[in-house]
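What follows is the content of target-v2.txt (compact mmCIF, C-alpha atoms).
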# COMPACT_ATOMS: atom_id res chain seq x y z
CA MET A 1 17.48 31.47 4.29
CA ALA A 2 15.02 31.33 7.19
CA GLY A 3 11.54 30.14 6.26
CA GLU A 4 12.58 28.31 3.08
CA TYR A 5 11.23 25.08 4.55
CA LEU A 6 7.73 26.52 4.01
CA LYS A 7 8.23 26.44 0.23
CA SER A 8 8.96 22.74 -0.24
CA SER A 9 6.57 19.81 0.19
CA VAL A 10 8.10 16.48 -0.84
CA HIS A 11 6.09 13.78 0.92
CA VAL A 12 2.86 13.88 -1.07
CA HIS A 13 0.36 11.19 -2.15
CA SER A 14 -2.18 11.33 -4.97
CA LYS A 15 -5.19 9.26 -6.03
CA LEU A 16 -2.79 6.90 -7.79
CA CYS A 17 -2.08 5.42 -4.36
CA ASP A 18 -3.99 6.41 -1.21
CA GLY A 19 -4.31 10.17 -1.63
CA LYS A 20 -7.49 12.17 -2.15
CA ASN A 21 -6.47 14.42 -5.05
CA THR A 22 -5.11 14.02 -8.56
CA LEU A 23 -1.53 14.95 -9.36
CA GLU A 24 -2.81 17.97 -11.29
CA GLU A 25 -4.96 19.17 -8.37
CA LEU A 26 -1.97 18.91 -6.05
CA ALA A 27 0.25 20.81 -8.48
CA VAL A 28 -2.28 23.63 -8.89
CA THR A 29 -2.69 23.92 -5.12
CA GLY A 30 1.06 23.94 -4.55
CA TRP A 31 1.65 26.60 -7.20
CA ARG A 32 -1.14 28.83 -5.86
CA ALA A 33 0.24 28.43 -2.33
CA GLY A 34 3.61 29.74 -3.45
CA LEU A 35 5.60 26.54 -3.18
CA GLN A 36 8.93 26.41 -4.97
CA THR A 37 9.19 22.61 -4.89
CA LEU A 38 6.51 19.93 -4.97
CA GLY A 39 7.72 16.35 -4.71
CA PHE A 40 5.35 13.47 -5.33
CA SER A 41 6.08 10.28 -3.39
CA GLY A 42 3.63 7.56 -4.41
CA HIS A 43 3.71 4.31 -2.47
CA SER A 44 5.96 1.88 -4.32
CA HIS A 45 4.63 -1.31 -5.90
CA THR A 46 5.12 -4.48 -3.89
CA PRO A 47 4.73 -8.08 -5.14
CA CYS A 48 2.81 -9.08 -2.01
CA ASP A 49 -0.15 -6.85 -3.00
CA LEU A 50 0.06 -4.48 -0.07
CA GLU A 51 -3.07 -2.42 0.32
CA TYR A 52 -2.18 1.15 -0.55
CA CYS A 53 0.74 0.64 -2.92
CA MET A 54 0.63 1.59 -6.58
CA THR A 55 0.14 -1.21 -9.07
CA GLN A 56 2.67 -1.51 -11.87
CA SER A 57 0.25 0.06 -14.35
CA ARG A 58 -0.44 2.96 -11.99
CA THR A 59 3.29 3.40 -11.47
CA ALA A 60 3.75 3.85 -15.23
CA LEU A 61 0.86 6.34 -15.32
CA TYR A 62 2.32 8.14 -12.30
CA LYS A 63 5.65 8.66 -14.05
CA ALA A 64 4.03 9.77 -17.29
CA GLN A 65 1.70 12.28 -15.67
CA ILE A 66 4.46 13.78 -13.55
CA ALA A 67 6.66 14.18 -16.64
CA LYS A 68 3.89 16.24 -18.26
CA LEU A 69 3.42 18.33 -15.11
CA LYS A 70 7.14 19.06 -15.00
CA GLU A 71 6.88 20.58 -18.47
CA ARG A 72 3.66 22.45 -17.73
CA TYR A 73 4.99 24.08 -14.55
CA ALA A 74 8.55 24.72 -15.73
CA GLY A 75 9.69 28.09 -14.41
CA LYS A 76 6.73 28.32 -12.03
CA LEU A 77 7.04 25.29 -9.73
CA ASP A 78 9.77 22.66 -9.53
CA ILE A 79 8.07 19.27 -9.61
CA LEU A 80 9.96 16.15 -8.56
CA CYS A 81 9.07 12.55 -9.31
CA GLY A 82 9.80 10.77 -6.06
CA LEU A 83 8.83 7.47 -4.50
CA GLU A 84 7.94 6.29 -1.02
CA TRP A 85 9.82 3.04 -1.13
CA ASP A 86 8.84 0.25 1.23
CA LEU A 87 11.17 -2.51 2.41
CA TYR A 88 9.04 -5.07 0.55
CA SER A 89 8.95 -3.16 -2.73
CA ASP A 90 10.24 -4.55 -6.02
CA ASP A 91 10.54 -1.11 -7.65
CA ASP A 92 13.95 0.49 -8.12
CA PRO A 93 14.08 3.71 -6.09
CA LEU A 94 17.05 4.93 -8.09
CA ASP A 95 14.75 5.37 -11.10
CA TYR A 96 13.25 8.44 -9.38
CA ASP A 97 14.41 11.95 -8.55
CA TYR A 98 14.57 10.97 -4.87
CA PHE A 99 13.06 8.42 -2.55
CA ILE A 100 11.65 8.29 0.94
CA GLY A 101 12.52 4.99 2.61
CA SER A 102 9.69 3.86 4.89
CA THR A 103 8.43 0.90 6.87
CA HIS A 104 4.68 0.29 6.89
CA TYR A 105 4.50 -3.46 7.41
CA VAL A 106 5.76 -6.25 9.60
CA LYS A 107 5.93 -9.78 8.22
CA GLY A 108 4.70 -12.40 10.67
CA PRO A 109 7.40 -14.96 11.51
CA LYS A 110 4.81 -17.71 12.01
CA THR A 111 2.16 -17.08 9.37
CA GLY A 112 4.22 -15.17 6.80
CA LYS A 113 1.41 -12.62 6.66
CA TYR A 114 2.16 -8.95 5.99
CA TYR A 115 0.53 -6.73 8.61
CA GLU A 116 -0.10 -3.00 8.22
CA ILE A 117 1.01 -1.51 11.53
CA ASP A 118 -0.30 2.01 11.00
CA TRP A 119 -3.93 1.84 9.91
CA ARG A 120 -6.44 -0.58 11.46
CA GLU A 121 -6.20 -1.50 15.11
CA SER A 122 -7.52 -4.96 14.25
CA ASP A 123 -4.50 -5.61 12.00
CA LEU A 124 -1.99 -4.64 14.66
CA ALA A 125 -3.87 -6.65 17.28
CA ALA A 126 -3.86 -9.71 15.01
CA CYS A 127 -0.14 -9.28 14.35
CA ILE A 128 0.61 -9.23 18.07
CA ALA A 129 -1.68 -12.14 18.91
CA ASP A 130 -1.09 -14.47 15.97
CA ASP A 131 2.59 -13.97 15.21
CA PHE A 132 4.25 -12.52 18.32
CA ASP A 133 2.65 -14.49 21.17
CA GLY A 134 0.78 -11.47 22.50
CA ASP A 135 3.98 -9.45 22.96
CA GLY A 136 3.43 -5.95 21.54
CA LEU A 137 7.02 -4.94 22.16
CA ALA A 138 8.22 -7.87 20.03
CA VAL A 139 6.33 -6.28 17.12
CA VAL A 140 8.03 -2.97 17.96
CA GLU A 141 11.40 -4.70 17.79
CA ALA A 142 10.54 -6.28 14.42
CA TYR A 143 9.36 -2.92 13.13
CA PHE A 144 12.51 -1.02 14.11
CA ALA A 145 14.67 -3.83 12.69
CA ASN A 146 12.92 -3.14 9.37
CA VAL A 147 13.57 0.59 9.75
CA ALA A 148 17.28 -0.19 10.16
CA LYS A 149 17.20 -2.26 6.95
CA VAL A 150 15.58 0.63 5.09
CA ALA A 151 18.25 3.00 6.46
CA GLU A 152 20.92 0.71 5.01
CA LYS A 153 19.48 1.48 1.55
CA LYS A 154 20.57 5.10 2.06
CA PRO A 155 17.27 6.75 1.14
CA THR A 156 17.14 10.45 0.37
CA ILE A 157 14.82 10.77 3.38
CA LEU A 158 14.08 8.21 6.10
CA GLY A 159 10.31 8.30 6.51
CA HIS A 160 8.22 8.59 9.71
CA PHE A 161 10.83 6.88 11.87
CA ASP A 162 8.50 5.73 14.67
CA LEU A 163 5.35 5.06 12.64
CA ILE A 164 4.73 2.01 14.85
CA LYS A 165 3.26 4.38 17.46
CA LYS A 166 0.62 5.84 15.11
CA ILE A 167 -2.40 3.86 16.37
CA ASN A 168 -1.00 3.06 19.80
CA GLY A 169 -2.90 5.93 21.45
CA GLU A 170 -2.11 6.13 25.15
CA GLY A 171 -0.27 2.83 25.12
CA LYS A 172 -3.04 0.52 23.90
CA PHE A 173 -0.68 -2.04 22.39
CA PHE A 174 2.71 -1.36 24.01
CA ASP A 175 4.51 1.04 26.34
CA GLU A 176 6.44 3.65 24.35
CA HIS A 177 8.58 4.34 27.42
CA ASP A 178 9.60 0.72 28.00
CA PRO A 179 13.38 0.08 27.84
CA ARG A 180 12.80 -2.48 25.07
CA TYR A 181 11.07 0.18 22.95
CA LYS A 182 13.95 2.60 23.45
CA ALA A 183 16.59 -0.05 22.73
CA ALA A 184 14.88 -1.00 19.47
CA ALA A 185 14.51 2.63 18.42
CA ASP A 186 18.11 3.41 19.38
CA SER A 187 19.41 0.52 17.25
CA ALA A 188 17.52 1.81 14.21
CA LEU A 189 18.66 5.36 14.91
CA MET A 190 22.28 4.26 14.95
CA ALA A 191 21.74 2.59 11.55
CA ALA A 192 20.30 5.88 10.28
CA ALA A 193 23.33 7.76 11.63
CA ARG A 194 25.81 5.32 10.06
CA ASN A 195 24.13 5.83 6.70
CA ARG A 196 23.84 9.62 7.12
CA CYS A 197 20.10 9.57 6.65
CA VAL A 198 17.95 12.68 6.79
CA LEU A 199 15.01 12.04 9.12
CA GLU A 200 11.69 13.60 8.32
CA VAL A 201 9.69 15.43 10.95
CA ASN A 202 6.31 14.24 9.72
CA THR A 203 3.10 16.06 10.68
CA CYS A 204 0.61 13.67 9.09
CA ALA A 205 -0.66 11.84 12.18
CA VAL A 206 -1.77 15.13 13.73
CA PHE A 207 -3.56 16.28 10.57
CA ARG A 208 -5.38 12.96 10.30
CA GLY A 209 -6.32 12.85 13.97
CA PHE A 210 -4.32 9.79 15.01
CA ARG A 211 -1.87 11.53 17.35
CA LYS A 212 -1.25 14.85 19.05
CA ASP A 213 2.49 14.59 18.39
CA PHE A 214 4.59 14.36 15.24
CA PHE A 215 6.95 11.63 14.02
CA PRO A 216 9.48 11.13 15.46
CA SER A 217 9.03 11.66 19.18
CA ASP A 218 10.80 14.44 21.07
CA GLU A 219 13.03 11.87 22.76
CA ILE A 220 14.16 10.44 19.43
CA LEU A 221 14.71 13.92 18.03
CA LYS A 222 16.88 14.80 21.02
CA ASP A 223 18.95 11.65 20.47
CA TRP A 224 19.21 12.44 16.77
CA LEU A 225 20.48 15.94 17.52
CA ALA A 226 23.12 14.45 19.82
CA LEU A 227 24.23 12.37 16.82
CA SER A 228 24.43 15.56 14.70
CA GLY A 229 21.65 14.22 12.50
CA ASN A 230 19.81 16.24 9.88
CA VAL A 231 16.04 16.62 9.55
CA VAL A 232 13.54 17.75 6.93
CA ILE A 233 9.96 18.84 7.64
CA THR A 234 7.25 17.04 5.66
CA ALA A 235 3.47 16.84 5.76
CA ASP A 236 3.05 13.32 4.31
CA ALA A 237 0.08 14.95 2.60
CA HIS A 238 -2.78 12.76 1.42
CA THR A 239 -4.90 15.78 0.49
CA ALA A 240 -4.15 19.13 -1.12
CA LYS A 241 -5.22 20.87 2.09
CA ALA A 242 -2.27 19.36 3.97
CA LEU A 243 0.71 20.24 1.75
CA THR A 244 2.46 22.27 4.45
CA PHE A 245 0.30 21.39 7.45
CA GLY A 246 2.07 21.91 10.78
CA TYR A 247 5.34 23.15 9.27
CA GLU A 248 5.68 26.17 11.52
CA GLU A 249 4.73 24.15 14.60
CA ALA A 250 7.30 21.51 13.68
CA ALA A 251 9.96 24.18 13.17
CA ALA A 252 9.14 25.71 16.56
CA LYS A 253 9.36 22.29 18.20
CA LEU A 254 12.73 21.61 16.61
CA LYS A 255 14.05 24.98 17.70
CA GLY A 256 12.85 24.31 21.24
CA LEU A 257 14.74 21.02 21.23
CA GLY A 258 17.95 22.77 20.23
CA TYR A 259 17.98 22.43 16.45
CA THR A 260 19.29 25.44 14.55
CA LYS A 261 18.67 24.22 11.00
CA VAL A 262 16.60 21.94 8.81
CA GLN A 263 17.20 20.55 5.35
CA VAL A 264 15.02 21.61 2.41
CA LEU A 265 14.80 19.38 -0.65
CA GLY A 266 14.71 21.06 -4.05
CA LYS A 267 15.54 20.18 -7.64
CA ASN A 268 19.26 20.43 -6.90
CA GLY A 269 19.17 18.37 -3.73
CA PHE A 270 19.20 19.50 -0.12
CA GLN A 271 19.84 23.03 1.05
CA THR A 272 20.29 24.06 4.67
CA CYS A 273 17.70 26.39 6.14
CA GLU A 274 18.34 28.21 9.37
CA LEU A 275 15.57 28.12 11.97
Write the structure described by the file as structure tokens, please.
Amino acid sequence: MAGEYLKSSVHVHSKLCDGKNTLEELAVTGWRAGLQTLGFSGHSHTPCDLEYCMTQSRTALYKAQIAKLKERYAGKLDILCGLEWDLYSDDDPLDYDYFIGSTHYVKGPKTGKYYEIDWRESDLAACIADDFDGDGLAVVEAYFANVAKVAEKKPTILGHFDLIKKINGEGKFFDEHDPRYKAAADSALMAAARNRCVLEVNTCAVFRGFRKDFFPSDEILKDWLALSGNVVITADAHTAKALTFGYEEAAAKLKGLGYTKVQVLGKNGFQTCEL
């Protein structure tokens, strides 16, 4: 049914990782907003102590609190216990209702350091200078190689496909139109197609003021459509105010690119929603 995508928000972070609200606050907001499905997707624990991932103790608390919320909102709001699983995670994504497979880090081939590529410009600059001989596009290639590895895990949703561009601005670190960038993205996209991934159209970077465009880029979305790929609209919400931010704009963009449908995740899996 048209418009059903507005009733499901499944990329959501709470205070147990890097979000601004408690799980309860998010659930109340989602219920009052008329959502049918609210899926929590805390950042998975990693043994290398990555900055915004849940600790093991917080992961246990996360699961326990969501189990209580499922009972409390039964019949009013379908709550899912999901996970945003990173390539470097040691958690088992199959222990959750669903999982979003994402790449947030690049491991330096020289130093062995894990670099966040989507938050501080200083981290990305250090990654390029210290581990990739000043070659920003080499970091892009390493990033998309990681995206391909995540796609091979067959996640429920493949998260923010081209997150590497988040803090690139107007090409501060690399040229997003360079043939090397496109070749790296294309290789990861083919891995996503082979594994029948559902790509998210993620509105978070616009809400948080990093970009004026969504993930992934229009060019990638056009290529994905040519591969008959499926998409789901998410807000990657880190605050209750953003649960469905940009959904209608994302739907309009997809329709303008030639998409006729999106996937909507609910308690029984994906349903197709006509645009």
- Task: Excluding region 90-100 of chain A and residues on its chain fewer than 4 positions from it, collect all residues at most 7 Å away from it, counting all atoms listed in the file, and give them as a count of residues only.
- Result: 15
Sorted by chain and rising residue number, which residues of region 70-188 of chain A lie within 12 Å of region 194-210 of chain A, and what are their closest atom pairs and distances in Å to one decimal, counting all atoms listed in the file, as CSV?
residue,atom,partner,partner_atom,distance
A:Phe99,CA,A:Val198,CA,11.4
A:Ile100,CA,A:Glu200,CA,9.1
A:Gly101,CA,A:Cys197,CA,9.7
A:Ser102,CA,A:Glu200,CA,10.5
A:Asp118,CA,A:Phe210,CA,9.6
A:Trp119,CA,A:Phe210,CA,9.5
A:Arg120,CA,A:Phe210,CA,11.2
A:Glu121,CA,A:Phe210,CA,11.4
A:Val147,CA,A:Cys197,CA,11.5
A:Ala148,CA,A:Asn195,CA,9.8
A:Lys149,CA,A:Asn195,CA,10.7
A:Val150,CA,A:Asn195,CA,10.1
A:Ala151,CA,A:Asn195,CA,6.5
A:Glu152,CA,A:Asn195,CA,6.3
A:Lys153,CA,A:Asn195,CA,8.2
A:Lys154,CA,A:Asn195,CA,5.9
A:Pro155,CA,A:Cys197,CA,6.8
A:Thr156,CA,A:Val198,CA,6.8
A:Ile157,CA,A:Val198,CA,5.0
A:Leu158,CA,A:Leu199,CA,5.0
A:Gly159,CA,A:Glu200,CA,5.8
A:His160,CA,A:Asn202,CA,6.0
A:Phe161,CA,A:Leu199,CA,7.2
A:Asp162,CA,A:Asn202,CA,10.1
A:Leu163,CA,A:Ala205,CA,9.1
A:Ile164,CA,A:Ala205,CA,11.5
A:Lys165,CA,A:Phe210,CA,9.6
A:Lys166,CA,A:Phe210,CA,6.3
A:Ile167,CA,A:Phe210,CA,6.4
A:Asn168,CA,A:Phe210,CA,8.9
A:Gly169,CA,A:Phe210,CA,7.6
A:Glu170,CA,A:Phe210,CA,11.0
A:Ser187,CA,A:Arg194,CA,10.8
A:Ala188,CA,A:Arg194,CA,9.9
- Near Arg58 (chain A), counting only C-alpha atoms, which residues have an atom at most 8 Å away, once you skip same-chain residues fewer than 4 positions from it, shown as a list in words?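 Final neighbour list, sorted by chain and number: Leu16, Met54 and Tyr62 of chain A.
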At a cut-off of 10 Å, can you tabulate as a tab-separated table every residue of region 127-146 of chain A near region 178-186 of chain A together with its closest atom pair and the distance in Å to one decimal, using only C-alpha atoms and ordering rows by chain then number?
residue	atom	partner	partner_atom	distance
A:Gly136	CA	A:Tyr181	CA	9.9
A:Leu137	CA	A:Tyr181	CA	6.6
A:Ala138	CA	A:Arg180	CA	8.7
A:Val139	CA	A:Tyr181	CA	9.9
A:Val140	CA	A:Tyr181	CA	6.6
A:Glu141	CA	A:Ala184	CA	5.4
A:Ala142	CA	A:Ala184	CA	8.5
A:Tyr143	CA	A:Ala184	CA	8.6
A:Phe144	CA	A:Ala184	CA	5.9
A:Ala145	CA	A:Ala184	CA	7.3
- Item | Polymer residues at most 12 Å from (-2.0, 11.8, -8.6) by all atoms listed in the file, as a count of residues only | 38
- Hey, which of A:Cys53, A:Leu38, A:Ala125, A:Leu221 ends up closest to Gly266 (chain A)? Count all atoms listed in the file. A:Leu38
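You will find CA of Gly112 (chain A) at 21.5 Å from CA of Thr55 (chain A).
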